[in-house]
file work-v3.cif (mmCIF, C-alpha atoms (C1' of nucleotides))
data_data
loop_
_atom_site.label_atom_id
_atom_site.label_comp_id
_atom_site.auth_asym_id
_atom_site.auth_seq_id
_atom_site.Cartn_x
_atom_site.Cartn_y
_atom_site.Cartn_z
CA MET A 930 -16.45 -1.22 -13.73
CA GLU A 931 -17.66 -3.75 -11.23
CA ARG A 932 -15.27 -5.78 -9.18
CA ASN A 933 -16.36 -9.04 -10.78
CA GLU A 934 -15.59 -7.68 -14.21
CA ALA A 935 -12.14 -6.64 -13.10
CA ILE A 936 -11.53 -10.10 -11.71
CA GLY A 937 -12.51 -11.60 -15.05
CA ARG A 938 -10.09 -9.32 -16.84
CA LEU A 939 -7.24 -10.08 -14.51
CA GLN A 940 -7.73 -13.82 -14.29
CA PRO A 941 -5.85 -14.46 -17.56
CA LEU A 942 -2.83 -12.68 -16.13
CA ILE A 943 -2.33 -15.15 -13.31
CA GLY A 944 0.98 -16.90 -13.78
CA LYS A 945 2.20 -14.27 -16.23
CA ASP A 946 5.13 -11.94 -16.03
CA LEU A 947 4.12 -8.32 -15.48
CA VAL A 948 7.43 -6.83 -16.61
CA PRO A 949 6.75 -7.08 -20.39
CA LEU A 950 3.31 -5.59 -19.78
CA ALA A 951 4.87 -2.53 -18.21
CA ALA A 952 6.62 -1.88 -21.52
CA ASP A 953 3.36 -2.40 -23.45
CA TYR A 954 1.50 0.08 -21.30
CA GLY A 955 4.31 2.60 -21.21
CA VAL A 956 4.85 2.27 -17.47
CA THR A 957 8.27 3.33 -16.23
CA ILE A 958 10.03 0.89 -13.92
CA TRP A 959 13.49 2.45 -13.84
CA LYS A 960 14.62 5.99 -14.42
CA ASP A 961 18.12 7.34 -13.79
CA GLY A 962 18.91 4.27 -11.75
CA LYS A 963 15.91 4.78 -9.52
CA LYS A 964 12.83 2.65 -9.31
CA ASN A 965 9.23 3.61 -9.81
CA LYS A 966 7.90 1.71 -6.80
CA GLY A 967 4.36 1.86 -7.99
CA TRP A 968 4.99 0.29 -11.40
CA ALA A 969 3.17 -2.98 -10.72
CA GLY A 970 0.13 -1.11 -9.51
CA HIS A 971 0.17 1.13 -12.56
CA VAL A 972 0.41 -1.84 -14.91
CA VAL A 973 -2.65 -3.47 -13.41
CA GLU A 974 -4.60 -0.23 -13.44
CA ARG A 975 -3.73 0.38 -17.07
CA HIS A 976 -4.71 -3.17 -17.92
CA LEU A 977 -8.14 -2.45 -16.50
CA GLY A 978 -8.32 0.75 -18.49
CA LEU A 979 -8.06 3.03 -15.48
CA PRO A 980 -6.52 6.46 -16.03
CA ILE A 981 -3.68 7.10 -13.61
CA ASN A 982 -4.58 9.87 -11.21
CA SER A 983 -4.19 10.71 -7.58
CA SER A 984 -7.77 10.85 -6.41
CA ARG A 985 -8.16 9.89 -2.82
CA ALA A 986 -11.46 8.12 -3.35
CA PRO A 987 -11.46 4.37 -4.03
CA ASN A 988 -10.21 4.13 -7.62
CA PHE A 989 -13.22 2.29 -9.00
CA GLY A 990 -15.83 4.20 -7.09
CA SER A 991 -17.03 1.44 -4.83
CA TRP A 992 -14.02 -0.76 -4.35
CA GLU A 993 -10.27 -0.49 -4.04
CA LEU A 994 -7.51 -2.15 -6.04
CA LYS A 995 -4.21 -3.03 -4.43
CA VAL A 996 -1.11 -4.90 -5.55
CA VAL A 997 1.10 -6.44 -2.93
CA PRO A 998 4.50 -8.20 -3.22
CA LEU A 999 5.02 -11.77 -2.05
CA LYS A 1000 8.37 -13.38 -1.40
CA TYR A 1001 9.82 -16.79 -0.75
CA LEU A 1002 11.10 -17.44 2.73
CA THR A 1003 14.38 -19.29 3.14
CA SER A 1004 12.16 -22.20 4.08
CA GLY A 1005 10.64 -22.06 0.62
CA LYS A 1006 7.24 -20.75 1.72
CA LEU A 1007 5.52 -17.79 0.13
CA THR A 1008 4.59 -14.86 2.39
CA VAL A 1009 3.72 -11.20 2.29
CA LYS A 1010 6.89 -9.19 1.80
CA GLU A 1011 5.67 -5.77 2.84
CA THR A 1012 2.97 -3.92 4.65
CA MET A 1013 0.38 -2.37 2.37
CA ALA A 1014 -0.26 1.37 2.18
CA ILE A 1015 -4.00 1.98 2.37
CA THR A 1016 -4.69 5.70 2.42
CA MET A 1017 -3.39 9.01 3.71
CA ILE A 1018 -4.31 10.17 7.19
CA ASP A 1019 -6.02 13.53 7.19
CA PRO A 1020 -5.88 14.62 10.83
CA VAL A 1021 -8.89 16.89 10.49
CA GLU A 1022 -11.00 14.19 8.96
CA VAL A 1023 -9.92 11.46 11.35
CA LYS A 1024 -10.67 13.71 14.27
CA HIS A 1025 -14.22 14.38 13.15
CA LYS A 1026 -15.28 11.12 11.58
CA GLU A 1027 -16.24 7.82 13.07
CA PHE A 1028 -14.51 4.75 11.72
CA GLU A 1029 -17.59 3.88 9.67
CA ASP A 1030 -17.36 7.22 7.85
CA SER A 1031 -13.62 7.19 7.28
CA HIS A 1032 -11.67 6.67 4.08
CA LEU A 1033 -9.99 3.79 5.81
CA PHE A 1034 -13.26 1.92 6.22
CA THR A 1035 -14.53 2.86 2.77
CA LYS A 1036 -11.47 1.34 1.18
CA LEU A 1037 -11.18 -1.73 3.36
CA ARG A 1038 -14.80 -2.79 3.16
CA LYS A 1039 -14.50 -3.81 -0.45
CA MET A 1040 -11.22 -4.48 -2.13
CA LEU A 1041 -9.40 -6.57 -4.69
CA VAL A 1042 -5.91 -7.59 -3.69
CA ILE A 1043 -3.46 -8.72 -6.34
CA ALA A 1044 -0.42 -10.69 -5.18
CA ARG A 1045 2.71 -10.63 -7.31
CA VAL A 1046 5.90 -12.57 -6.73
CA PHE A 1047 8.89 -10.47 -5.80
CA GLU A 1048 12.11 -12.01 -7.04
CA SER A 1049 14.66 -9.29 -6.62
CA GLN A 1050 14.90 -5.55 -6.39
CA GLU A 1051 15.79 -5.48 -10.06
CA ASP A 1052 12.33 -6.82 -10.96
CA VAL A 1053 13.64 -8.74 -13.95
CA HIS A 1054 10.54 -10.88 -13.72
CA SER A 1055 7.46 -10.54 -11.60
CA VAL A 1056 4.70 -13.10 -11.89
CA LEU A 1057 1.12 -12.30 -10.97
CA HIS A 1058 0.43 -14.95 -8.37
CA ALA A 1059 -3.17 -14.54 -7.26
CA ILE A 1060 -6.22 -12.33 -7.14
CA SER A 1061 -8.19 -12.13 -3.95
CA GLU A 1062 -11.39 -10.39 -2.98
CA PHE A 1063 -11.57 -8.97 0.51
CA ASP A 1064 -14.42 -7.41 2.43
CA LEU A 1065 -14.30 -6.24 5.99
CA ASP A 1066 -16.97 -8.70 7.00
CA ASN A 1067 -15.18 -10.62 9.71
CA PRO A 1068 -16.46 -9.18 13.05
CA ASP A 1069 -13.19 -9.78 14.88
CA ILE A 1070 -11.06 -8.15 12.22
CA ARG A 1071 -13.45 -5.28 11.86
CA ARG A 1072 -13.46 -4.63 15.58
CA GLN A 1073 -9.67 -4.59 15.70
CA VAL A 1074 -9.34 -2.25 12.73
CA LYS A 1075 -11.82 0.09 14.38
CA ALA A 1076 -9.81 -0.08 17.60
CA ASP A 1077 -6.66 0.84 15.69
CA TYR A 1078 -8.48 3.73 14.04
CA ASP A 1079 -9.73 4.97 17.39
CA LEU A 1080 -6.23 4.78 18.80
CA VAL A 1081 -4.95 6.97 15.98
CA ARG A 1082 -7.78 9.40 16.64
CA LYS A 1083 -6.95 9.55 20.30
CA VAL A 1084 -3.26 10.15 19.69
CA ILE A 1085 -4.00 12.95 17.23
CA CYS A 1086 -6.38 14.63 19.68
CA VAL A 1087 -4.33 14.16 22.82
CA GLU A 1088 -0.72 14.19 21.69
CA GLY A 1089 -0.87 15.63 18.21
CA PHE A 1090 -0.48 14.40 14.65
CA SER A 1091 3.31 14.43 14.80
CA GLU A 1092 3.33 11.86 17.59
CA LEU A 1093 1.86 9.17 15.39
CA SER A 1094 4.29 6.30 14.85
CA GLY A 1095 4.44 3.02 13.03
CA LYS A 1096 4.69 1.25 16.37
CA MET A 1097 0.99 1.87 16.94
CA GLY A 1098 -1.85 -0.28 15.79
CA VAL A 1099 -2.38 -4.02 15.61
CA LEU A 1100 -3.78 -4.64 12.13
CA VAL A 1101 -3.50 -1.11 10.79
CA GLN A 1102 -0.65 1.22 11.64
CA PRO A 1103 -0.11 4.97 11.09
CA ARG A 1104 3.20 5.39 9.28
CA THR A 1105 5.11 8.10 7.44
CA LYS A 1106 4.47 8.24 3.74
CA GLY A 1107 4.95 10.80 1.06
CA PRO A 1108 7.34 12.02 -1.64
CA GLY A 1109 10.10 11.98 0.93
CA HIS A 1110 12.64 14.70 1.60
CA GLY A 1111 11.15 16.02 4.76
CA SER A 1112 7.53 15.29 4.09
CA THR A 1113 5.71 14.59 7.32
CA SER A 1114 2.47 13.16 6.01
CA ARG A 1115 1.30 9.84 7.27
CA ALA A 1116 -0.84 7.03 5.97
CA PHE A 1117 -2.66 3.96 7.23
CA TYR A 1118 -0.80 0.75 6.46
CA ALA A 1119 -2.09 -2.80 6.75
CA ARG A 1120 0.44 -4.88 8.67
CA ALA A 1121 1.68 -8.08 7.03
CA PRO A 1122 -0.49 -10.50 9.06
CA PHE A 1123 -3.54 -8.50 8.02
CA VAL A 1124 -2.51 -8.63 4.37
CA LYS A 1125 -2.11 -12.39 4.70
CA LYS A 1126 -5.68 -12.66 5.92
CA MET A 1127 -6.83 -10.68 2.92
CA LEU A 1128 -5.05 -13.08 0.62
CA GLY A 1129 -6.29 -16.06 2.53
CA ILE A 1130 -2.83 -17.43 3.20
CA VAL A 1131 -3.19 -16.59 6.89
"C1'" DC B 1216 3.56 20.58 -2.97
"C1'" DT B 1217 0.82 16.45 -1.99
"C1'" DA B 1218 -2.16 13.04 -3.59
"C1'" DT B 1219 -1.81 8.34 -5.96
"C1'" DG B 1220 0.64 3.91 -6.96
"C1'" DA B 1221 3.89 1.33 -3.50
"C1'" DT B 1222 8.85 -0.43 -2.17
"C1'" DC B 1223 13.58 0.68 -0.28
"C1'" DA B 1224 17.00 1.26 3.57
"C1'" DT B 1225 18.16 0.37 7.86
"C1'" DC B 1226 17.58 -0.90 12.65
"C1'" DC B 1227 16.57 -4.49 15.89
"C1'" DG C 966 13.13 -11.99 9.25
"C1'" DG C 967 10.15 -8.42 10.85
"C1'" DA C 968 9.33 -3.66 11.90
"C1'" DT C 969 9.70 1.27 11.20
"C1'" DG C 970 10.73 5.46 8.84
"C1'" DA C 971 12.21 7.33 4.30
"C1'" DT C 972 11.82 7.60 -0.49
"C1'" DC C 973 10.72 7.01 -5.92
"C1'" DA C 974 7.77 8.02 -10.40
"C1'" DT C 975 3.79 10.34 -11.99
"C1'" DA C 976 -0.27 13.43 -12.13
"C1'" DG C 977 -2.99 17.52 -10.75
#

call {"tool": "encode", "arguments": {"input": "work-v3.cif", "output": "structure tokens"}}
result
Amino acid sequence: MERNEAIGRLQPLIGKDLVPLAADYGVTIWKDGKKNKGWAGHVVERHLGLPINSSRAPNFGSWELKVVPLKYLTSGKLTVKETMAITMIDPVEVKHKEFEDSHLFTKLRKMLVIARVFESQEDVHSVLHAISEFDLDNPDIRRQVKADYDLVRKVICVEGFSELSGKMGVLVQPRTKGPGHGSTSRAFYARAPFVKKMLGIV
DNA sequence: CTATGATCATCC
DNA sequence: GGATGATCATAG
């Protein structure tokens, strides 16, 4: 499916509550009092007819789909609530590949970012707020992302994979991610200001 | 177990 | 409120 087609399919969902859709598509939100944090992403993927799997390649072949939560500030303004997980860091791959050949670049160069409104942790309602296309075509942004990638590379080579921390990086940070319980894997995350740029709410 | 989808918990 | 590290459901 092309990105434009996906946009066309998602357009009608803008302003709609995603919670009832989760039930329609059989997506679990709560189980034994614990939350399936990826439910919103699964709902959108199912809506587009994508089988749920864990392939590391961009889910649609040439572009990447992401759902990100938005929240209202006390001032009443809408902003990005969280950083966005992009992809796992494979130390071997990062060490041997240039930024232009990395998974990070492949995913960032062409993506579709869906913004949903976060109301509360209970997710009683969650309205799809906007759909935004993003390509890594801004020279300044691209240069900074590459710099962050190179920093990660350097740390892995010089200090070791385990020294990577979320404190590093300007637009993209290396941060722990995984099933939890002692997992030490890390992933690239887009910091909030970067996500705002993607959504065009700078 | 670790990849995917991400958000939660806690510290400052 | 923002940042950082930890964690949840599901699939292979």

call {"tool": "resolve_selection", "arguments": {"input": "work-v3.cif", "expression": "the PyMOL selection byres ((chain B) within 9 of (chain A))", "output": "PyMOL selection string"}}
result
chain B and resi 1217-1223

call {"tool": "write_last_selection", "arguments": {"input": "work-v3.cif", "atoms": "C-alpha atoms (C1' of nucleotides)", "output": "CSV table (one decimal), keeping the file's coordinate frame"}}
result
chain,number,residue,atom,x,y,z
B,1217,DT,C1',0.8,16.4,-2.0
B,1218,DA,C1',-2.2,13.0,-3.6
B,1219,DT,C1',-1.8,8.3,-6.0
B,1220,DG,C1',0.6,3.9,-7.0
B,1221,DA,C1',3.9,1.3,-3.5
B,1222,DT,C1',8.8,-0.4,-2.2
B,1223,DC,C1',13.6,0.7,-0.3

call {"tool": "resolve_selection", "arguments": {"input": "work-v3.cif", "expression": "the PyMOL selection byres ((chain C) within 7 of (chain A))", "output": "list in words"}}
result
DT969, DG970, DA971, DT972, DC973, DA974 and DA976 of chain C

call {"tool": "write_last_selection", "arguments": {"input": "work-v3.cif", "atoms": "C-alpha atoms (C1' of nucleotides)", "output": "tab-separated table (two decimals), keeping the file's coordinate frame"}}
result
chain	number	residue	atom	x	y	z
C	969	DT	C1'	9.70	1.27	11.20
C	970	DG	C1'	10.73	5.46	8.84
C	971	DA	C1'	12.21	7.33	4.30
C	972	DT	C1'	11.82	7.60	-0.49
C	973	DC	C1'	10.72	7.01	-5.92
C	974	DA	C1'	7.77	8.02	-10.40
C	976	DA	C1'	-0.27	13.43	-12.13

call {"tool": "resolve_selection", "arguments": {"input": "work-v3.cif", "expression": "the PyMOL selection byres ((chain A and resi 1021) around 10)", "output": "list in words"}}
result
Ile1018, Asp1019, Pro1020, Glu1022, Val1023, Lys1024, His1025, Lys1026, Arg1082, Ile1085, Cys1086 and Phe1090 of chain A

call {"tool": "write_last_selection", "arguments": {"input": "work-v3.cif", "atoms": "C-alpha atoms", "output": "PDB file, keeping the file's coordinate frame"}}
result
ATOM      1  CA  ILE A1018      -4.310  10.170   7.190  1.00  0.00           C
ATOM      2  CA  ASP A1019      -6.020  13.530   7.190  1.00  0.00           C
ATOM      3  CA  PRO A1020      -5.880  14.620  10.830  1.00  0.00           C
ATOM      4  CA  GLU A1022     -11.000  14.190   8.960  1.00  0.00           C
ATOM      5  CA  VAL A1023      -9.920  11.460  11.350  1.00  0.00           C
ATOM      6  CA  LYS A1024     -10.670  13.710  14.270  1.00  0.00           C
ATOM      7  CA  HIS A1025     -14.220  14.380  13.150  1.00  0.00           C
ATOM      8  CA  LYS A1026     -15.280  11.120  11.580  1.00  0.00           C
ATOM      9  CA  ARG A1082      -7.780   9.400  16.640  1.00  0.00           C
ATOM     10  CA  ILE A1085      -4.000  12.950  17.230  1.00  0.00           C
ATOM     11  CA  CYS A1086      -6.380  14.630  19.680  1.00  0.00           C
ATOM     12  CA  PHE A1090      -0.480  14.400  14.650  1.00  0.00           C
TER      13      PHE A1090
END

call {"tool": "atom_distance", "arguments": {"input": "work-v3.cif", "atom1": "CA of Ser1004 in chain A", "atom2": "CA of Ser1055 in chain A"}}
result
20.1 Å

call {"tool": "residues_near_point", "arguments": {"input": "work-v3.cif", "point": "(8.2, -11.0, 14.5)", "cutoff": "12 Å", "atoms": "all atoms listed in the file", "output": "MDAnalysis selection string"}}
result
(chainID A and resid 1120:1122) or (chainID B and resid 1227) or (chainID C and resid 966:968)

call {"tool": "atom_distance", "arguments": {"input": "work-v3.cif", "atom1": "CA of Lys1039 in chain A", "atom2": "CA of Leu979 in chain A"}}
result
17.7 Å

call {"tool": "closest_residue", "arguments": {"input": "work-v3.cif", "among": "A:Leu994, A:Thr1113, A:Val1074, A:Leu1033", "to": "Glu1092 in chain A", "atoms": "all atoms listed in the file"}}
result
A:Thr1113
